[in-house]
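Structure file entry.json; described as JSON, C-alpha atoms and all ligand atoms.
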[["chain", "number", "residue", "atom", "x", "y", "z"],
["A", 1, "MET", "CA", -135.34, 115.03, -133.25],
["A", 2, "SER", "CA", -131.95, 115.24, -131.73],
["A", 3, "ILE", "CA", -128.94, 117.32, -132.56],
["A", 4, "ARG", "CA", -125.79, 115.52, -131.46],
["A", 5, "PRO", "CA", -122.49, 117.13, -130.48],
["A", 6, "LEU", "CA", -119.92, 117.06, -133.28],
["A", 7, "VAL", "CA", -116.59, 115.26, -133.03],
["A", 8, "LEU", "CA", -114.03, 117.94, -133.84],
["A", 9, "TYR", "CA", -110.60, 117.63, -135.43],
["A", 10, "PRO", "CA", -108.06, 116.49, -134.16],
["A", 11, "ASP", "CA", -110.20, 114.05, -132.12],
["A", 12, "PRO", "CA", -108.65, 110.60, -132.82],
["A", 13, "ARG", "CA", -112.10, 109.10, -133.41],
["A", 14, "LEU", "CA", -111.99, 110.81, -136.82],
["A", 15, "ASN", "CA", -109.22, 108.35, -137.79],
["A", 16, "LEU", "CA", -111.34, 105.25, -137.12],
["A", 17, "VAL", "CA", -112.41, 102.95, -139.93],
["A", 18, "SER", "CA", -116.18, 102.63, -139.45],
["A", 19, "ALA", "CA", -117.87, 99.22, -139.38],
["A", 20, "PRO", "CA", -120.52, 98.07, -141.88],
["A", 21, "ILE", "CA", -124.13, 98.18, -140.69],
["A", 22, "GLU", "CA", -125.25, 94.55, -140.55],
["A", 23, "GLU", "CA", -128.92, 95.08, -139.90],
["A", 24, "ILE", "CA", -131.19, 98.05, -140.42],
["A", 25, "SER", "CA", -133.06, 98.48, -137.17],
["A", 26, "GLU", "CA", -134.87, 101.19, -135.26],
["A", 27, "THR", "CA", -131.45, 102.29, -133.95],
["A", 28, "THR", "CA", -130.22, 102.69, -137.54],
["A", 29, "ARG", "CA", -133.23, 104.83, -138.41],
["A", 30, "ARG", "CA", -132.77, 106.95, -135.29],
["A", 31, "LEU", "CA", -129.10, 107.51, -136.15],
["A", 32, "ALA", "CA", -130.08, 108.57, -139.70],
["A", 33, "GLN", "CA", -132.54, 111.12, -138.30],
["A", 34, "ASP", "CA", -129.95, 112.41, -135.80],
["A", 35, "LEU", "CA", -127.46, 112.85, -138.65],
["A", 36, "ILE", "CA", -130.00, 114.81, -140.69],
["A", 37, "ASP", "CA", -130.93, 116.99, -137.70],
["A", 38, "THR", "CA", -127.30, 117.67, -136.80],
["A", 39, "MET", "CA", -126.30, 118.40, -140.42],
["A", 40, "ARG", "CA", -129.18, 120.87, -140.73],
["A", 41, "ALA", "CA", -128.52, 122.56, -137.41],
["A", 42, "GLU", "CA", -124.93, 123.14, -138.54],
["A", 43, "ALA", "CA", -125.93, 124.04, -142.13],
["A", 44, "GLY", "CA", -123.69, 121.31, -143.58],
["A", 45, "ALA", "CA", -124.05, 119.68, -147.01],
["A", 46, "GLY", "CA", -123.31, 116.22, -145.65],
["A", 47, "ILE", "CA", -122.25, 114.36, -142.53],
["A", 48, "ALA", "CA", -120.90, 110.92, -141.66],
["A", 49, "ALA", "CA", -121.86, 108.91, -138.57],
["A", 50, "ILE", "CA", -118.37, 109.11, -137.05],
["A", 51, "GLN", "CA", -118.80, 112.90, -136.88],
["A", 52, "VAL", "CA", -121.35, 112.33, -134.11],
["A", 53, "GLY", "CA", -119.16, 109.61, -132.59],
["A", 54, "GLU", "CA", -120.75, 106.51, -134.18],
["A", 55, "PRO", "CA", -118.17, 104.42, -136.07],
["A", 56, "LEU", "CA", -120.73, 103.00, -138.53],
["A", 57, "ARG", "CA", -120.78, 103.15, -142.32],
["A", 58, "MET", "CA", -123.60, 105.63, -142.74],
["A", 59, "LEU", "CA", -123.67, 109.12, -144.18],
["A", 60, "VAL", "CA", -126.30, 111.61, -145.23],
["A", 61, "VAL", "CA", -126.26, 114.25, -147.97],
["A", 62, "GLU", "CA", -128.50, 117.32, -147.90],
["A", 63, "ALA", "CA", -131.39, 117.23, -150.39],
["A", 64, "SER", "CA", -130.27, 120.34, -152.27],
["A", 65, "TYR", "CA", -126.89, 118.69, -152.95],
["A", 66, "ALA", "CA", -128.39, 115.34, -153.86],
["A", 67, "GLY", "CA", -131.07, 116.85, -156.12],
["A", 68, "THR", "CA", -133.71, 114.80, -154.28],
["A", 69, "PRO", "CA", -136.81, 115.85, -152.28],
["A", 70, "ASP", "CA", -135.31, 114.52, -149.03],
["A", 71, "PRO", "CA", -131.77, 114.12, -147.72],
["A", 72, "LEU", "CA", -130.06, 111.00, -149.01],
["A", 73, "VAL", "CA", -129.31, 108.35, -146.39],
["A", 74, "ILE", "CA", -126.45, 106.16, -147.59],
["A", 75, "ILE", "CA", -125.50, 102.94, -145.82],
["A", 76, "ASN", "CA", -122.40, 100.80, -146.51],
["A", 77, "PRO", "CA", -121.41, 102.71, -149.65],
["A", 78, "GLU", "CA", -119.01, 101.12, -152.12],
["A", 79, "ARG", "CA", -117.30, 103.00, -154.89],
["A", 80, "LEU", "CA", -117.82, 101.05, -158.12],
["A", 81, "GLN", "CA", -116.16, 103.48, -160.50],
["A", 82, "ALA", "CA", -114.33, 106.78, -160.54],
["A", 83, "SER", "CA", -113.52, 108.92, -163.58],
["A", 84, "GLU", "CA", -109.95, 109.60, -164.54],
["A", 85, "ASP", "CA", -110.67, 113.28, -164.99],
["A", 86, "THR", "CA", -110.63, 115.24, -161.78],
["A", 87, "VAL", "CA", -112.01, 118.50, -160.44],
["A", 88, "GLU", "CA", -110.75, 120.79, -157.75],
["A", 89, "ALA", "CA", -113.43, 122.14, -155.42],
["A", 90, "SER", "CA", -113.31, 124.05, -152.17],
["A", 91, "GLU", "CA", -114.25, 121.75, -149.28],
["A", 92, "GLY", "CA", -115.15, 122.38, -145.69],
["A", 93, "CYS", "CA", -116.00, 119.95, -142.91],
["A", 94, "LEU", "CA", -118.30, 120.19, -139.89],
["A", 95, "SER", "CA", -115.52, 118.55, -137.88],
["A", 96, "VAL", "CA", -112.96, 121.19, -138.94],
["A", 97, "PRO", "CA", -115.01, 124.37, -138.52],
["A", 98, "GLY", "CA", -113.91, 127.50, -140.33],
["A", 99, "LEU", "CA", -111.45, 125.84, -142.70],
["A", 100, "TYR", "CA", -112.07, 125.69, -146.47],
["A", 101, "GLU", "CA", -109.45, 124.26, -148.79],
["A", 102, "PRO", "CA", -109.42, 123.19, -152.45],
["A", 103, "VAL", "CA", -109.25, 119.40, -152.87],
["A", 104, "GLU", "CA", -108.76, 117.52, -156.13],
["A", 105, "ARG", "CA", -110.92, 114.43, -156.67],
["A", 106, "PRO", "CA", -112.38, 112.35, -159.50],
["A", 107, "ALA", "CA", -115.07, 114.40, -161.26],
["A", 108, "GLU", "CA", -117.56, 111.55, -161.53],
["A", 109, "ILE", "CA", -118.19, 108.46, -159.43],
["A", 110, "ARG", "CA", -120.59, 105.55, -159.27],
["A", 111, "VAL", "CA", -121.54, 104.31, -155.81],
["A", 112, "LYS", "CA", -123.53, 101.29, -154.67],
["A", 113, "HIS", "CA", -125.19, 101.45, -151.25],
["A", 114, "LEU", "CA", -128.17, 100.44, -149.14],
["A", 115, "ASP", "CA", -131.01, 102.81, -148.34],
["A", 116, "LEU", "CA", -132.90, 102.92, -145.03],
["A", 117, "GLU", "CA", -135.27, 100.21, -146.25],
["A", 118, "GLY", "CA", -132.33, 97.90, -146.93],
["A", 119, "ARG", "CA", -132.68, 98.16, -150.72],
["A", 120, "THR", "CA", -129.54, 98.20, -152.88],
["A", 121, "ARG", "CA", -129.19, 101.47, -154.77],
["A", 122, "GLU", "CA", -126.73, 102.99, -157.21],
["A", 123, "ILE", "CA", -125.85, 106.63, -157.68],
["A", 124, "GLN", "CA", -124.01, 108.17, -160.59],
["A", 125, "ALA", "CA", -122.72, 111.48, -159.25],
["A", 126, "THR", "CA", -121.01, 114.51, -160.73],
["A", 127, "GLY", "CA", -120.49, 118.09, -159.55],
["A", 128, "PRO", "CA", -121.04, 119.01, -155.88],
["A", 129, "LEU", "CA", -122.76, 115.68, -155.15],
["A", 130, "ALA", "CA", -119.69, 113.73, -156.32],
["A", 131, "VAL", "CA", -117.45, 115.93, -154.15],
["A", 132, "CYS", "CA", -119.72, 115.60, -151.13],
["A", 133, "LEU", "CA", -120.07, 111.81, -151.45],
["A", 134, "GLN", "CA", -116.32, 111.32, -151.72],
["A", 135, "HIS", "CA", -115.67, 113.62, -148.77],
["A", 136, "GLU", "CA", -118.19, 111.75, -146.58],
["A", 137, "MET", "CA", -117.05, 108.31, -147.77],
["A", 138, "ASP", "CA", -113.51, 109.27, -146.77],
["A", 139, "HIS", "CA", -114.80, 109.79, -143.21],
["A", 140, "LEU", "CA", -115.96, 106.16, -143.14],
["A", 141, "ASP", "CA", -112.34, 105.15, -143.76],
["A", 142, "GLY", "CA", -110.98, 107.51, -141.13],
["A", 143, "VAL", "CA", -109.80, 110.14, -143.62],
["A", 144, "VAL", "CA", -110.35, 113.85, -142.97],
["A", 145, "PHE", "CA", -110.14, 116.03, -146.11],
["A", 146, "LEU", "CA", -106.99, 117.75, -144.83],
["A", 147, "ARG", "CA", -105.13, 114.52, -145.59],
["A", 148, "ARG", "CA", -105.92, 115.08, -149.29],
["A", 149, "LEU", "CA", -103.95, 118.36, -149.32],
["A", 150, "SER", "CA", -100.30, 118.74, -150.15],
["A", 151, "ARG", "CA", -98.12, 118.71, -147.07],
["A", 152, "LEU", "CA", -97.35, 122.41, -147.30],
["A", 153, "ARG", "CA", -100.98, 123.36, -147.74],
["A", 154, "ARG", "CA", -102.02, 121.10, -144.87],
["A", 155, "GLU", "CA", -99.47, 122.63, -142.53],
["A", 156, "MET", "CA", -100.61, 126.14, -143.42],
["A", 157, "ALA", "CA", -104.27, 125.20, -142.96],
["A", 158, "LEU", "CA", -103.59, 123.55, -139.61],
["A", 159, "ARG", "CA", -101.71, 126.58, -138.38],
["A", 160, "ARG", "CA", -104.75, 128.72, -139.21],
["A", 161, "TYR", "CA", -107.07, 126.18, -137.57],
["A", 162, "ARG", "CA", -105.05, 126.17, -134.34],
["A", 163, "LYS", "CA", -104.82, 129.95, -134.27],
["A", 164, "GLN", "CA", -108.54, 130.26, -134.80],
["A", 165, "GLY", "CA", -109.19, 127.67, -132.05],
["A", 166, "ALA", "CA", -107.01, 129.64, -129.66],
["A", 167, "ALA", "CA", -108.88, 132.85, -130.56],
["A", 168, "LEU", "CA", -112.22, 131.16, -129.90],
["A", 169, "ARG", "CA", -111.02, 129.83, -126.56],
["A", 170, "ALA", "CA", -109.78, 133.31, -125.61],
["A", 171, "GLN", "CA", -113.19, 134.76, -126.50],
["A", 172, "ALA", "CA", -114.95, 132.16, -124.38],
["A", 173, "THR", "CA", -113.02, 133.06, -121.25],
["A", 201, "ZN", "ZN", -116.20, 116.21, -143.25]]
Encoded form using structure tokens:
Amino acid sequence: MSIRPLVLYPDPRLNLVSAPIEEISETTRRLAQDLIDTMRAEAGAGIAAIQVGEPLRMLVVEASYAGTPDPLVIINPERLQASEDTVEASEGCLSVPGLYEPVERPAEIRVKHLDLEGRTREIQATGPLAVCLQHEMDHLDGVVFLRRLSRLRREMALRRYRKQGAALRAQAT
């Protein structure tokens, strides 16, 4: 088990487009476990590999969000379909601690991906799972959720984020 340090906004690594995983190896399985451990340690609903500094197309979703007994490990996801109707849900991000903002996204999506055994899987997702999957899949393309906000909202959120960062730094000294 290993909890990895998080890559925090505005680290430029969060803008990288992650590369597909060509082969599922012991390293892939170790990375999946590290993602699960780190997500749990930080009480997140999901996490993408780039958030621990690995620019690879892998993400995990907490079991309670996925409605499965174990966390979902999703490799090389591809969005097959997205509904025209949208929902607005409050989103946060382990890489942007303390900031929660409403983001509008398709309400329902269908995603094809590989699991840790290399099998092709499909998920039809609605509700919090659909939101979480889209948020994490954005990370694989170098998109942090703040980019989905209107410019005004983003500027206000970033001002709060910077202020809060400065307050934390002042506390630490
Ligand atoms: Zn995130």
Next on the checklist: Residues contacting ligand ZN 201 (chain A) - anything with an atom at most 7 Å away, using only C-alpha atoms and all ligand atoms - can you give me those as a list in words?
Outcome noted: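 Using only C-alpha atoms and all ligand atoms, everything at most 7 Å from ligand ZN 201 (chain A) comes to Ile47, Gly92, Cys93, Leu94, Ser95, His135, Glu136, His139, Val144 and Phe145 of chain A.
In terms of minimum interatomic distance to Ser150 of chain A, A:Pro102 ranks closest within A:Pro97, A:Pro102, A:Gly53, A:Gly44, counting only C-alpha atoms.
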What are the nearest atom pairs, with distances in Å to one decimal, for all residues of segment 61-157 of chain A that come at most 10 Å from segment 26-37 of chain A, using only C-alpha atoms, set out by chain and rising residue number as CSV?
residue,atom,partner,partner_atom,distance
A:Val61,CA,A:Ile36,CA,8.2
A:Glu62,CA,A:Ile36,CA,7.8
A:Asp70,CA,A:Ile36,CA,9.9
A:Pro71,CA,A:Ile36,CA,7.3
A:Leu72,CA,A:Ile36,CA,9.2
A:Val73,CA,A:Ala32,CA,6.7
A:Ile74,CA,A:Ala32,CA,9.0
A:Ile75,CA,A:Ala32,CA,9.5
A:Leu116,CA,A:Arg29,CA,6.9
A:Glu117,CA,A:Arg29,CA,9.3
Next on the checklist: As an exercise, work out the distance from atom CA of Ile109 of chain A to atom CA of Ala130 of chain A in Å and give it to one decimal place.
Outcome noted: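 Going from atom CA of Ile109 of chain A over to atom CA of Ala130 of chain A, I get 6.3 Å.
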Checklist entry - Restricting the calculation to all atoms listed in the file, which member of A:Glu22, A:Asn76, A:Gly98, A:Val52 is positioned closest to Leu168 of chain A? => result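 Counting all atoms listed in the file, the residue closest to Leu168 of chain A is A:Gly98.
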Next on the checklist: Given the point (-126.0, 112.1, -155.6) in the coordinates of this file, which residues lie within 8 Å, counting only C-alpha atoms, and how would they look as number ranges by chain?
Outcome noted: A: 61, 65-67, 72, 123-126, 129-130, 133
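Here atom CA of Met137 of chain A is placed at a distance of 18.2 Å from atom CA of Pro10 of chain A.
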Checklist entry - With only C-alpha atoms as the atoms that count, which of A:Ala167, A:Ala43, A:Val17, A:Val87 lies nearest to Arg57 of chain A? => result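 Among A:Ala167, A:Ala43, A:Val17, A:Val87, it is A:Val17 that comes nearest to Arg57 of chain A.
Atom CA of His113 of chain A is positioned 29.3 Å from atom CA of Leu99 of chain A.
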Item to check | Residue nearest Leu59 of chain A - candidates A:Val131, A:Ala107, A:Leu140, A:Ile3, atoms counted: only C-alpha atoms | outcome: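 The shortest atom-to-atom distance to Leu59 of chain A comes from A:Leu140.
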Could you give me the axis-aligned bounding box of segment 53-66 of chain A, with 5 Å of padding per side, as centre plus edge lengths in Å to one decimal, as AutoDock Vina command-line options?
--center_x -124.8 --center_y 111.7 --center_z -143.2 --size_x 23.2 --size_y 27.3 --size_z 31.3
Checklist entry - Closest to Val96 of chain A among A:Asn15, A:Gln51, A:Thr120, A:Ser2, using all atoms listed in the file? => result A:Gln51
Item to check | Residue nearest Glu54 of chain A among A:Ser90, A:Ser18, A:Ser83, A:Thr38 (counting all atoms listed in the file) | outcome: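 Closest to Glu54 of chain A, using all atoms listed in the file: A:Ser18.
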